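Report on the following structure.
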Amino acid sequence: MELQQEQTPSGSIEDCLKLLKGEKDEQRLAGLFLVTKICKVDDLASLSRVYNAIGAKFLDRLLRTGMGKGTVSGPGEDNRDAYLQLSVRILAAFCHVPEIAASEEMVSKIPLILETLSNQCVRYQNFLLATFLHHSVYCWSGSSVLEECLEFLYLVLTTSDAGVTALYGSGSLKILASWMLTMADGSNPMKISMRLVQLIISKISLDVIVTNCLPEVSNIVVVIARQFGVSHDAMKFEALRLLSATLSSNLTPLYDALRQVPSDVWAKHLRDGVSAILHNRTAPAEKLQALSLAESMVSILGEGWLIGEIELPDVRDAIPSDRCLILVLEQSRVEIAVMLNELAYTKYEASKNSSLKEDIILKQRNVAIAFSLVEKIIKLISNVSEDQGDLINENTLMRVIRGLNETTGVVLEYLQDAKEHGQRKGDDILASVRVIGSFLAQTPDAWTEKVQELLDYMLSVEGEDEQSPFNSVCFLLPMLCQITMKVEGCKILVSSGGLAAVVKCLINLIHKHGGWIDDDGSIFLACDTILNVLLKKELAGLLCGESSFILLLEAIATSTEDTKEPSVIMMAASICALIFDFTSENALLSNPSFADKSLDKLCRLFSRIFALSRQSMNNDGMAQMDDLLEITSAGYSRWGDRFPRVQKAIGWLRYS
């Protein structure tokens with residue numbers, strides 16, 4: 001028989017059931033065709049009766065016949081496409097009944113439906129190519145099959161975890177990625193495809209997916225980024241959730257793959273989307289997701305992503321290239337103010353309620369996103385004159401700095417509150433210290449009184465997994481290095497016990513890295529801070545008897561024994577030369593914390609630096625370290641008589 005789809009047969013569900021229970025395939029086909037005309041997808045009771053009447057076996061045979069893999073009685077080859085269309089439409093309709101969608105019979109059909117989808121994708125791509133080559137407009141008849149295949153998959157996956165596993169295991173991401181590249185923006189197939197991807201990554205570990213399907217995931221991200229940028233309806237928010245879930249994973253292989261994609265293909269769409277969410281009246285949760293997405297993009301492409309052309313649906317005039325930067329900063333400031341206030345209340349006022357623990361963790365995670373963005377904006381403006389040129393005008397720059405300064409005040413108040421409540425441990429407190437260190441490294445004269453009041457506390461803060469303060473000191477090193485360039489800053493550091501904390505931090509850094517390996521600059525920041533203090537002669541009375549110096553001399557003696565890097569040798573020797581001002585050889589050797597062999601190592605260190613000093617006259621690179629050589633030479637002239645072993649070790653070099 002032929003399926004006369006242009007006619008609408010009359011009848012009732014009972015007529016359908018009689019046909020479906022017939023002995024001949026022609027009767028069953030007629031019954032199914034009638035079902036498509038009189039059954040609605042929300043009539044779950046009727047759909048269940050029809051499904052039970054026709055049986056899974058005939059449906060499977062009909063689908064395979066449409067795919068060219070089986071036979072049913074009828075006109076055969078001529079109506080294969082009609083059989084395929086009918087079978088997929090009926091299967092999609094049945095899956096509106098959750099019990100049917102979750103059944104093993106439907107899950108088992110996922111590979112066949114996926115194969116059908118793949119074949120239809122190939123046909124559609126060939127159709128597009130033919131249309132392009134012939135400069136003509138054709139009507140493609142396979143769109144309904146494609147959409148119904150996607151609908152079937154979505155309905156099965158929403159009711160069955162086994163369906164998710166089966167779909168992923170059948171290579172679905174490769175097919176979806178290829179298909180999504182050709183879909184029309186905002187189309188229903190695009191929406192369903194995005195939801196399928198969302199279901200897959202919600203059930204299958206993203207680590208596993210990226211490991212097995214990296215090119216496909218990268219392509220999908222690029223496609224969804226476009227939907228996020230160009231959509232102005234609910235689809236924008238679906239894209240936001242999907243992108244946020246995918247990119248917040250911080251998976252290095254995915255980030256590396258996305259860096260290879262030309263940024264104008266997808267990065268601008270993401271900037272448009274983030275700006276639109278933050279610019280308009282959207283829910284707080286969506287604004288937070290937009291910030292999370294912005295933080296991921298800055299991690300992938302750098303702080304410069306915040307500056308660039310954007311388009312907003314309700315703005316006709318040209319938009320300044322720094323608008324995204326301003327929007328992200330202002331929303332980050334709002335989140336920090338709100339979240340820190342809520343955290344303080346939850347932790348200190350409602351701390352007896354144990355059920356609030358998860359709420360605290362969530363707030364800590366959210367404020368961390370805003371903190372990260374603020375730190376990256378601080379880094380951006382610190383390099384603005386070199387990297388961004390005129391992209392940020394003076395007014396915007398001052399606005400950003402004022403905003404950052406105000407937020408620094410909010411964070412300092414949070415730290416004050418934590419101090420008053422005796423809280424020194426917590427990742428949120430540690431992150432607050434990090435933000436303070438980042439901003440005040442650029443503006444060391446800001447909040448001087450508050451910093452002086454809180455410095456000892458900030459240096460004592462520990463992260464959740466730390467046994468003693470370490471990261472807090474590292475985070476403050478850029479600020480400490482700046483403020484100790486002045487005598488008053490050195491006095492603040494010494495009086496707060498901060499110098500001992502910096503010395504201990506330097507020792508831990510040397511031990512942690514097994515030497516003077518300094519990937520992030522922390523070792524030399526600590527050294528510069530210590531040098532700044534030691535060079536202030538006004539502080540001699542405060543520094544005399546500093547016990548941490550002995551431990552530092554031990555660490556330097558051990559860690560520089562085999563180093564050949566001139567900058568390390570000179571920095572280490574200059575620190576030792578200044579520490580020797582406060583002691584003598586006899587005093588050192590009588591200290592139980594200092595080993596005799598360590599003095600021998602320091603003697604060799606001084607010998608090496610005076611040998612290096614001979615090269616500085618003819619070496620441009622060495623000439624840049626003349627200040628350190630001068631510190632060491634001047635120090636030796638002051639204390640050489642008190643260290644006969646050092647004098648003996650270097651005497652022949654200086655006077656030979």
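Ligands are numbered from 1 in the order shown, residues from 1 within each chain, and chains are lettered A, B, ... in the order they appear in the structure tokens.
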
Residues within 7 Å of His96 of chain A, only C-alpha atoms, excluding chain neighbours under 3 positions, as an mmCIF file with all heavy atoms, in the first residue's frame:
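The file below, around.cif, is the result:
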data_model
loop_
_atom_site.group_PDB
_atom_site.id
_atom_site.type_symbol
_atom_site.label_atom_id
_atom_site.label_comp_id
_atom_site.auth_asym_id
_atom_site.auth_seq_id
_atom_site.Cartn_x
_atom_site.Cartn_y
_atom_site.Cartn_z
ATOM 1 N N VAL A 41 0.306 14.081 20.998
ATOM 2 C CA VAL A 41 1.434 13.602 21.804
ATOM 3 C C VAL A 41 1.180 13.750 23.294
ATOM 4 O O VAL A 41 1.864 13.123 24.107
ATOM 5 C CB VAL A 41 2.737 14.344 21.419
ATOM 6 C CG1 VAL A 41 3.164 13.978 20.013
ATOM 7 C CG2 VAL A 41 2.571 15.849 21.575
ATOM 8 N N ALA A 93 6.725 9.922 18.984
ATOM 9 C CA ALA A 93 5.442 10.143 19.658
ATOM 10 C C ALA A 93 5.299 9.228 20.869
ATOM 11 O O ALA A 93 4.889 9.667 21.954
ATOM 12 C CB ALA A 93 4.299 9.913 18.677
ATOM 13 N N ALA A 101 9.518 5.609 26.983
ATOM 14 C CA ALA A 101 10.824 6.206 26.667
ATOM 15 C C ALA A 101 11.950 5.545 27.451
ATOM 16 O O ALA A 101 13.062 5.380 26.943
ATOM 17 C CB ALA A 101 10.785 7.705 26.946
ATOM 18 N N LEU A 155 13.913 12.622 24.354
ATOM 19 C CA LEU A 155 12.898 12.062 25.242
ATOM 20 C C LEU A 155 13.402 10.806 25.951
ATOM 21 O O LEU A 155 13.101 10.584 27.126
ATOM 22 C CB LEU A 155 11.622 11.748 24.452
ATOM 23 C CG LEU A 155 10.860 12.972 23.923
ATOM 24 C CD1 LEU A 155 9.766 12.538 22.960
ATOM 25 C CD2 LEU A 155 10.278 13.776 25.084
#

When you count only C-alpha atoms, which of these residues is closest to Leu240 of chain A: A:Thr211, A:Ser46, A:Gln227, A:Gln423?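 Of all the options, A:Gln227 lies closest to Leu240 of chain A.
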
Using only C-alpha atoms, I'd like a table of the residues in segment 502-577 of chain A that come within 7 Å of segment 623-646 of chain A; for each, show the closest atom pair and its distance in Å rounded to one decimal, ordered by chain and ascending number, as a tab-separated table.
residue	atom	partner	partner_atom	distance
A:Met570	CA	A:Leu628	CA	6.0
A:Met571	CA	A:Leu628	CA	6.5
A:Ala573	CA	A:Thr632	CA	6.5
A:Ser574	CA	A:Thr632	CA	4.8
A:Ala577	CA	A:Gly635	CA	5.2

Just how far from atom CA of Val435 of chain A is atom CA of Pro284 of chain A, in Å to one decimal?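 Separation between atom CA of Pro284 of chain A and atom CA of Val435 of chain A: 23.0 Å.
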